Number of protein chains: 2
Amino acid sequence: LQQPIAVFDSGLGGLSVVRALRDALPAEDLVYFGDTARVPYGIKSRRTVVRFAVEDARFLLQFDPKMIVAACNTASAVALDVLERELDVPIVGVVRPGARAAVAQADGRPIAVLGTEATISSNAYVHAIQALRPQAEVVGRACPLFVPLVEEGRAASDPIVRLAAADYLACLRDRVGVVVLGCTHYPLLREAIAEAVGSVAIIESGHETARVVRETLDAAGRLSAPARTGSMRFFASDNPARFRRIGARFLGCDLDDVQLVEFDHPIADIVADAPA
Amino acid sequence: LQQPIAVFDSGLGGLSVVRALRDALPAEDLVYFGDTARVPYGIKSRRTVVRFAVEDARFLLQFDPKMIVAACNTASAVALDVLERELDVPIVGVVRPGARAAVAQADGRPIAVLGTEATISSNAYVHAIQALRPQAEVVGRACPLFVPLVEEGRAASDPIVRLAAADYLACLRDRVGVVVLGCTHYPLLREAIAEAVGSVAIIESGHETARVVRETLDAAGRLSAPARTGSMRFFASDNPARFRRIGARFLGCDLDDVQLVEFDHPIADIVADAPA
């Protein structure tokens, strides 16, 4: 039996990481859980994000994964240490891979990191970058409107997107050598971000994470036979119809089936009685 | 002992309803619960919102309230029937009061309702308005960016706010007689909304709700003695610091104390061990 790679995220943004994993590792089975009942994590406290992330990862253990990927930047930023300690499965977050690529490409110039409020205020990218290059100069910039703009279906060419990108990022123009997209939604606005920051290298943490996952499995001799085509399964804690509709833009193809998962809950009996 | 009026909301937006209650009923004690761990409700399914709303209201029962106000438009739109059936306390939502005022002021002209995805797609305002005036013409318009714009601290004069308001609302200009602000965050963008829709009456559902609460308590002889000054207590399920910081703009004054509430949760033991 093939062991899958299991991926979780606060919602549907992590499907951009699934897309990168699919491209890098087409033979692997993938199982995805999106916590759409409690999305977003990016405005919540460390304590609560840790709690949710552990619950998400525990849900995925039932699939006996060979590895768990925390596709959510916020969860990777604040909960990875707890996940590593609590789970008996290799776990990879998106922050360290993004940081590694940023250091490699910055060539000593300042690095900008874009992300949610929680990711930026955690300073997780700063710590991960400076662990690799202690003297690196890192500027964090929270861009809270980018997630709702993407979820509403707006493209990089939308006037509101371009105005928001200019508002957040004009201060970085010509001042940094690398920009890290430290949120799974931001790659969908990549062109607007590039326009606002000027000509600098842009790093997608999800893309770098897929590379790290492949290297890690390869080094451990745990890659699946390359001839096969992996499967994909999707689970969400709420609103699978919305997940399917918006998620297709992140995944780059249709999501055939999304299953609703409900965590145990003391008032489940009442909800079951609710009129449809 | 005074029984308080208890108010719940998905997050901090309901503090605009508390402000209206405070103005209308200064002698009443108020207890507020904001479910900031699971905010927002507006992108979630009916089933999940019902579940959360019942849990929120149950938390408030411990204060022996004389009435519970569902300040959240989304919860009022999709969960009020279940709340009325499950709870043994009078409950008031914000949808019917907003609908009543809209019908009174529309004078036969079309009515526009602005709200979250969930509120608009529930058609709760349409049903509430047409229950009062069956032939009323109602246009619903979801404005998903307004909540994150307000939470980011942007004012009605902000260029992004004005562009978003024009984008959502230009289609309503000169076509409706009344606009209902069917979300607790929207009153903070009232001037931008007014600019976009042109000269029409604007109704704040929270404001109308405070009026209904006063009428209902008065009719039942349950108003507190007018000479006293009511107290206010605030509870949130996550991030009380953010609640206090952003909430002050909704309440119109500082929030002295916000207490963190945690619902029972199977992984509480792990979180307790997490490094600070």
# chains A, B, ... in the order shown; residues from 1 in each chain; ligands from 1
call {"tool": "closest_atom_pairs", "arguments": {"of": "chain B", "to": "chain A", "cutoff": "7 Å", "atoms": "only C-alpha atoms", "output": "tab-separated table"}}
result
residue	atom	partner	partner_atom	distance
B:Ala37	CA	A:Lys44	CA	6.6
B:Arg38	CA	A:Arg38	CA	4.8
B:Lys44	CA	A:Asn239	CA	6.2
B:Ser45	CA	A:Asn239	CA	5.3
B:Arg47	CA	A:Val271	CA	6.8
B:Thr48	CA	A:Asp238	CA	6.9
B:Val50	CA	A:Val271	CA	6.8
B:Arg51	CA	A:Val271	CA	5.8
B:Val82	CA	A:Ala274	CA	6.5
B:Leu145	CA	A:Pro148	CA	6.4
B:Pro148	CA	A:Leu145	CA	6.4
B:Ile160	CA	A:Ile160	CA	6.5
B:Leu163	CA	A:Ile160	CA	6.7
B:Ala164	CA	A:Ile160	CA	6.7
B:Asp238	CA	A:Ser45	CA	6.5
B:Asn239	CA	A:Ser45	CA	5.3
B:Ile267	CA	A:Arg51	CA	6.8
B:Val271	CA	A:Arg51	CA	5.8
B:Ala274	CA	A:Val82	CA	6.5
call {"tool": "select_by_dssp", "arguments": {"residues": "range 111-222 of chain B", "states": "helix (DSSP H, G or I)", "output": "mmCIF file with C-alpha atoms, in the first residue's frame"}}
result
data_model
loop_
_atom_site.group_PDB
_atom_site.id
_atom_site.type_symbol
_atom_site.label_atom_id
_atom_site.label_comp_id
_atom_site.auth_asym_id
_atom_site.auth_seq_id
_atom_site.Cartn_x
_atom_site.Cartn_y
_atom_site.Cartn_z
ATOM 1 C CA GLU B 117 -21.691 36.257 1.146
ATOM 2 C CA ALA B 118 -23.615 34.084 3.627
ATOM 3 C CA THR B 119 -26.111 36.793 4.588
ATOM 4 C CA ILE B 120 -26.881 37.697 0.985
ATOM 5 C CA SER B 121 -27.069 34.143 -0.311
ATOM 6 C CA SER B 122 -29.415 33.181 2.561
ATOM 7 C CA ALA B 124 -32.939 36.304 4.865
ATOM 8 C CA TYR B 125 -33.408 40.049 4.323
ATOM 9 C CA VAL B 126 -35.483 39.409 1.203
ATOM 10 C CA HIS B 127 -37.761 37.088 3.166
ATOM 11 C CA ALA B 128 -38.006 39.448 6.150
ATOM 12 C CA ILE B 129 -38.789 42.438 3.920
ATOM 13 C CA GLN B 130 -41.331 40.558 1.798
ATOM 14 C CA ALA B 131 -43.005 39.199 4.948
ATOM 15 C CA LEU B 132 -43.862 42.833 5.673
ATOM 16 C CA PHE B 146 -15.624 45.704 3.497
ATOM 17 C CA VAL B 147 -14.972 43.625 6.639
ATOM 18 C CA PRO B 148 -11.213 43.195 6.088
ATOM 19 C CA LEU B 149 -10.950 46.861 5.057
ATOM 20 C CA VAL B 150 -12.514 47.962 8.338
ATOM 21 C CA GLU B 151 -10.518 45.473 10.419
ATOM 22 C CA PRO B 159 -8.711 55.312 -1.634
ATOM 23 C CA ILE B 160 -9.029 51.504 -1.554
ATOM 24 C CA VAL B 161 -12.289 51.760 0.395
ATOM 25 C CA ARG B 162 -13.685 54.280 -2.074
ATOM 26 C CA LEU B 163 -12.668 52.185 -5.063
ATOM 27 C CA ALA B 164 -14.191 49.035 -3.529
ATOM 28 C CA ALA B 165 -17.417 50.879 -2.669
ATOM 29 C CA ALA B 166 -17.694 52.165 -6.243
ATOM 30 C CA ASP B 167 -16.966 48.675 -7.590
ATOM 31 C CA TYR B 168 -19.727 47.037 -5.512
ATOM 32 C CA LEU B 169 -22.306 49.788 -5.493
ATOM 33 C CA ALA B 170 -22.184 51.817 -8.701
ATOM 34 C CA CYS B 171 -24.821 49.459 -10.121
ATOM 35 C CA LEU B 172 -27.252 50.596 -7.384
ATOM 36 C CA TYR B 186 -20.372 48.528 7.381
ATOM 37 C CA PRO B 187 -21.469 51.556 9.458
ATOM 38 C CA LEU B 188 -17.768 52.415 9.767
ATOM 39 C CA LEU B 189 -17.666 52.871 5.982
ATOM 40 C CA ARG B 190 -20.975 54.710 5.824
ATOM 41 C CA GLU B 191 -19.627 57.825 4.102
ATOM 42 C CA ALA B 192 -17.928 55.846 1.324
ATOM 43 C CA ILE B 193 -21.103 53.814 0.812
ATOM 44 C CA ALA B 194 -23.230 56.975 0.711
ATOM 45 C CA GLU B 195 -20.895 58.514 -1.846
ATOM 46 C CA ALA B 196 -21.140 55.421 -4.058
ATOM 47 C CA VAL B 197 -24.922 54.937 -3.948
ATOM 48 C CA SER B 205 -29.510 47.239 11.208
ATOM 49 C CA GLY B 206 -27.698 47.446 14.554
ATOM 50 C CA HIS B 207 -29.208 50.824 15.287
ATOM 51 C CA GLU B 208 -32.708 49.556 14.463
ATOM 52 C CA THR B 209 -32.096 46.504 16.640
ATOM 53 C CA ALA B 210 -31.361 48.654 19.686
ATOM 54 C CA ARG B 211 -34.715 50.354 19.116
ATOM 55 C CA VAL B 212 -36.521 46.977 18.941
ATOM 56 C CA VAL B 213 -34.774 45.749 22.095
ATOM 57 C CA ARG B 214 -35.909 48.848 23.976
ATOM 58 C CA GLU B 215 -39.508 48.527 22.711
ATOM 59 C CA THR B 216 -39.636 44.838 23.590
ATOM 60 C CA LEU B 217 -38.258 45.260 27.116
ATOM 61 C CA ASP B 218 -40.512 48.270 27.683
ATOM 62 C CA ALA B 219 -43.619 46.367 26.550
#
call {"tool": "atom_distance", "arguments": {"atom1": "CA of Gly140 in chain B", "atom2": "CA of Thr74 in chain B"}}
result
13.6 Å
call {"tool": "atom_distance", "arguments": {"atom1": "CA of Phe63 in chain A", "atom2": "CA of Ile5 in chain A"}}
result
9.1 Å
call {"tool": "select_by_dssp", "arguments": {"residues": "range 57-229 of chain A", "states": "strand (DSSP E)", "output": "PyMOL selection string"}}
result
chain A and resi 67-70+91-93+111-115+138-142+178-181+201-204
call {"tool": "atom_distance", "arguments": {"atom1": "CA of Ala57 in chain B", "atom2": "CA of Ala236 in chain B"}}
result
13.0 Å
call {"tool": "residues_around", "arguments": {"residues": "Ile203 in chain A", "least_positions_apart": "6", "cutoff": "12 Å", "atoms": "only C-alpha atoms", "output": "number ranges by chain"}}
result
A: 94-95, 97-106, 111-114, 177-184, 186-187, 190, 193-194, 209
